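Dumped query.csv below, it's CSV, C-alpha atoms and all ligand atoms:
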```csv
chain,number,residue,atom,x,y,z
L,1,MET,CA,0.0,0.0,0.0
L,2,LEU,CA,1.2,3.5,-0.7
L,3,TYR,CA,0.1,6.1,1.8
L,4,LYS,CA,0.5,9.8,1.3
L,5,GLY,CA,0.7,12.6,3.8
L,6,GLY,CA,2.0,16.1,4.5
L,7,CYS,CA,1.8,19.1,6.7
L,8,TYR,CA,-0.8,21.8,7.1
L,9,CYS,CA,0.7,24.2,4.5
L,10,GLY,CA,1.6,21.4,2.1
L,11,ARG,CA,5.3,22.2,1.8
L,12,VAL,CA,6.4,19.0,3.6
L,13,LYS,CA,5.2,15.8,1.9
L,14,TYR,CA,5.9,12.2,2.5
L,15,THR,CA,5.0,8.7,1.4
L,16,ILE,CA,4.7,5.4,3.3
L,17,ASN,CA,5.1,2.2,1.3
L,18,ALA,CA,4.1,-0.6,3.5
L,19,SER,CA,1.5,-3.3,4.3
L,20,PRO,CA,-1.1,-2.2,6.8
L,21,ASP,CA,0.1,-5.2,9.0
L,22,ASP,CA,3.5,-3.5,9.3
L,23,LEU,CA,2.0,-0.3,10.6
L,24,ARG,CA,0.7,0.4,14.1
L,25,THR,CA,-1.3,3.4,15.0
L,26,SER,CA,-1.6,4.2,18.8
L,27,LEU,CA,-2.7,6.9,21.1
L,28,CYS,CA,-0.3,8.1,23.8
L,29,HIS,CA,-1.5,9.9,26.8
L,30,CYS,CA,1.9,10.8,28.2
L,31,LEU,CA,2.7,14.4,29.3
L,32,ASN,CA,5.3,14.7,26.6
L,33,CYS,CA,2.7,14.0,23.9
L,34,LYS,CA,0.2,16.3,25.4
L,35,LYS,CA,2.7,19.1,25.2
L,36,PHE,CA,4.0,18.4,21.7
L,37,PHE,CA,0.6,17.8,20.1
L,38,GLY,CA,-1.1,20.5,22.2
L,39,THR,CA,-4.0,18.1,22.7
L,40,PRO,CA,-5.0,15.5,25.4
L,41,PHE,CA,-3.1,12.7,23.6
L,42,GLY,CA,-0.7,12.1,20.8
L,43,LEU,CA,-1.6,9.9,17.8
L,44,THR,CA,1.2,8.3,15.9
L,45,THR,CA,1.7,5.4,13.5
L,46,LYS,CA,4.8,3.2,13.8
L,47,VAL,CA,6.4,2.5,10.5
L,48,PRO,CA,9.6,0.6,9.6
L,49,LEU,CA,12.2,3.1,8.6
L,50,PRO,CA,12.7,2.0,5.0
L,51,ALA,CA,9.0,2.4,4.3
L,52,PHE,CA,9.1,6.2,5.1
L,53,ALA,CA,10.3,8.8,2.6
L,54,TYR,CA,10.0,12.5,2.0
L,55,THR,CA,8.9,13.2,-1.6
L,56,GLN,CA,11.3,14.9,-4.0
L,57,ASP,CA,9.3,18.2,-4.0
L,58,SER,CA,9.1,18.3,-0.2
L,59,ILE,CA,11.0,20.9,1.8
L,60,LYS,CA,13.3,19.6,4.5
L,61,PRO,CA,11.6,19.3,7.9
L,62,THR,CA,13.0,21.2,10.9
L,63,ILE,CA,14.5,18.9,13.5
L,64,HIS,CA,14.2,19.2,17.3
L,65,GLU,CA,15.9,16.8,19.7
L,66,ALA,CA,15.5,16.8,23.5
L,67,ASP,CA,15.4,14.7,26.5
L,68,ASN,CA,11.8,14.6,27.7
L,69,GLY,CA,12.7,14.3,31.3
L,70,SER,CA,12.5,10.5,31.4
L,71,GLY,CA,16.0,9.9,30.1
L,72,VAL,CA,14.9,9.3,26.5
L,73,GLN,CA,16.3,11.5,23.8
L,74,LEU,CA,13.4,12.2,21.4
L,75,HIS,CA,14.0,13.3,17.8
L,76,ARG,CA,11.1,15.2,16.2
L,77,GLU,CA,10.7,16.5,12.7
L,78,PHE,CA,8.1,19.2,11.9
L,79,CYS,CA,7.3,21.7,9.2
L,80,GLY,CA,9.4,24.9,9.8
L,81,THR,CA,6.8,27.0,7.9
L,82,CYS,CA,3.5,26.0,9.4
L,83,GLY,CA,4.6,24.0,12.5
L,84,SER,CA,2.8,20.7,11.8
L,85,GLY,CA,4.5,17.8,13.5
L,86,ILE,CA,5.5,15.1,11.0
L,87,LEU,CA,7.3,12.4,13.0
L,88,GLU,CA,9.1,11.4,16.1
L,89,VAL,CA,11.4,8.6,17.3
L,90,GLY,CA,13.3,7.8,20.4
L,91,GLN,CA,17.1,7.5,20.4
L,92,GLY,CA,17.0,3.7,20.7
L,93,ALA,CA,14.8,3.2,17.6
L,94,MET,CA,16.5,5.7,15.3
L,95,ASP,CA,17.9,3.0,12.9
L,96,LYS,CA,14.7,0.9,12.8
L,97,PHE,CA,11.4,2.9,13.0
L,98,ARG,CA,9.7,6.3,12.6
L,99,TYR,CA,6.5,7.3,14.4
L,100,PHE,CA,4.6,9.7,12.1
L,101,MET,CA,1.8,11.9,13.2
L,102,THR,CA,-1.3,9.9,11.9
L,103,GLY,CA,-3.3,13.1,11.4
L,104,THR,CA,-0.9,14.3,8.7
L,105,LEU,CA,-2.0,11.4,6.4
L,106,ASP,CA,-4.2,12.5,3.5
L,107,ASP,CA,-6.6,9.8,4.6
L,108,MET,CA,-6.1,8.7,8.2
L,109,SER,CA,-9.3,6.6,8.3
L,110,VAL,CA,-7.4,3.7,6.8
L,111,LEU,CA,-5.2,3.3,9.9
L,112,PRO,CA,-7.3,3.1,13.0
L,113,PRO,CA,-5.5,2.7,16.4
L,114,LYS,CA,-4.4,-0.7,17.6
L,115,GLY,CA,-3.5,0.4,21.1
L,116,GLU,CA,-3.3,3.1,23.9
L,117,PHE,CA,-0.1,3.9,25.8
L,118,TRP,CA,0.2,5.7,29.2
L,119,CYS,CA,-3.4,5.0,30.1
L,120,ARG,CA,-2.9,6.2,33.7
L,121,ARG,CA,-2.4,9.7,32.3
L,122,ARG,CA,-5.6,9.6,30.2
L,123,GLU,CA,-7.8,12.6,30.9
L,124,LYS,CA,-10.6,11.7,33.2
L,125,TRP,CA,-13.3,12.8,30.8
L,126,MET,CA,-12.0,10.7,27.9
L,127,PRO,CA,-13.4,7.1,27.5
L,128,GLU,CA,-11.1,4.1,26.9
L,129,ILE,CA,-11.2,2.9,23.3
L,130,LYS,CA,-12.6,-0.6,23.2
L,131,ASP,CA,-11.1,-3.7,21.7
L,132,ILE,CA,-7.5,-2.5,21.4
L,133,PHE,CA,-4.6,-3.1,23.8
L,134,HIS,CA,-3.9,-0.8,26.8
L,135,LYS,CA,-0.7,-0.1,28.6
L,136,GLN,CA,-0.5,1.9,31.8
L,137,GLU,CA,2.9,3.5,31.2
L,138,VAL,CA,5.5,2.3,28.7
L,139,GLN,CA,6.1,3.9,25.4
L,140,GLU,CA,8.6,2.2,23.1
N,201,ZN,ZN,3.9,23.1,6.5
N,202,ZN,ZN,3.5,9.9,24.5
```
Is it possible to express this structure as structure tokens?
Amino acid sequence: MLYKGGCYCGRVKYTINASPDDLRTSLCHCLNCKKFFGTPFGLTTKVPLPAFAYTQDSIKPTIHEADNGSGVQLHREFCGTCGSGILEVGQGAMDKFRYFMTGTLDDMSVLPPKGEFWCRRREKWMPEIKDIFHKQEVQE
């Protein structure tokens, strides 16, 4: 399957070339995601690194790297023009995976979530999503 996505202003564009079985969308309720996304949870899709590519007419994303306070160095890429987050990955997974922001897909309905992370930080008003896996803390 070929999936296409990009940022809000359209200057950053990417493709994902992978089987849906190799992709995993998940919600994350950690404090770090709340801050970066500016919403009560983050929504990302895990993709094997070779399956992700910026298109030839895409501008280069801006990179931000920081320790989120838990000892994990996080690498994030976002559009330097409009600010849309494009992807993130922890130090330990740099050579294997990317976690792209699912909402930047042109059609995100094709990749519904398979799990929820950091459920103990889920906002009280937000219901649990049924029939997917739930983890109280760990993010990969
Ligand atoms: Zn943009
Ligand atoms: Zn998170």
### Task
Can you work out the spacing between atom CA of L:Val47 and atom CA of L:Val110 in Å, to one decimal?
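So the two atoms, atom CA of L:Val47 and atom CA of L:Val110, lie 14.3 Å apart.
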### Message
With distances taken over only C-alpha atoms, which residue among L:Trp118, L:Thr44, L:Ser109, L:Lys130 lies nearest L:Val89?
### Response
L:Thr44
### Message
Excluding L:His64 and its own-chain neighbours fewer than 6 positions away, which residues fall within 12 Å of it when counting all atoms listed in the file? Please give them as a ChimeraX atom specification.
### Response
/L:36,73-80,83,85-90
### Task
Could you give me the residues within 7 Å of ligand ZN 201 (chain N), counting only C-alpha atoms and all ligand atoms, as a ChimeraX atom specification?
/L:7-12,79-84
Could you report the residues within 9 Å of ligand ZN 202 (chain N), using all atoms listed in the file, as a short mmCIF file (atom, residue, chain, number, x, y, z; two decimals) with C-alpha atoms, in the coordinates of the input?
```
data_model
loop_
_atom_site.label_atom_id
_atom_site.label_comp_id
_atom_site.auth_asym_id
_atom_site.auth_seq_id
_atom_site.Cartn_x
_atom_site.Cartn_y
_atom_site.Cartn_z
CA LEU L 27 -2.70 6.90 21.10
CA CYS L 28 -0.30 8.10 23.80
CA HIS L 29 -1.50 9.90 26.80
CA CYS L 30 1.90 10.80 28.20
CA LEU L 31 2.70 14.40 29.30
CA ASN L 32 5.30 14.70 26.60
CA CYS L 33 2.70 14.00 23.90
CA LYS L 34 0.20 16.30 25.40
CA PHE L 36 4.00 18.40 21.70
CA PHE L 41 -3.10 12.70 23.60
CA GLY L 42 -0.70 12.10 20.80
CA LEU L 43 -1.60 9.90 17.80
CA PHE L 117 -0.10 3.90 25.80
CA TRP L 118 0.20 5.70 29.20
CA VAL L 138 5.50 2.30 28.70
CA GLN L 139 6.10 3.90 25.40
#
```
### Task
Between L:Leu23, L:Leu105, L:Ile59, L:Ala66, single out the one closest to L:Lys4, counting all atoms listed in the file.
L:Leu105
### Distance in Å - atom CA of L:Arg122 versus atom CA of L:Pro40
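Between atom CA of L:Arg122 and atom CA of L:Pro40 the gap is 7.6 Å.
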#### Entry: Proximity to L:Glu65 - best of L:Thr15, L:Gln136, L:Thr104, L:Gln91, only C-alpha atoms
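Closest residue, counting only C-alpha atoms: L:Gln91.
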### Task
One decimal, Å: what's the distance from atom CA of L:Tyr99 over to atom CA of L:Ser19, could you say?
15.5 Å
### Task
Counting all atoms listed in the file, figure out which residue out of L:Thr39, L:Gln56, L:Thr62, L:Thr25 gets nearest to L:Thr102.
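Of the candidates, the smallest distance to L:Thr102 is held by L:Thr25.
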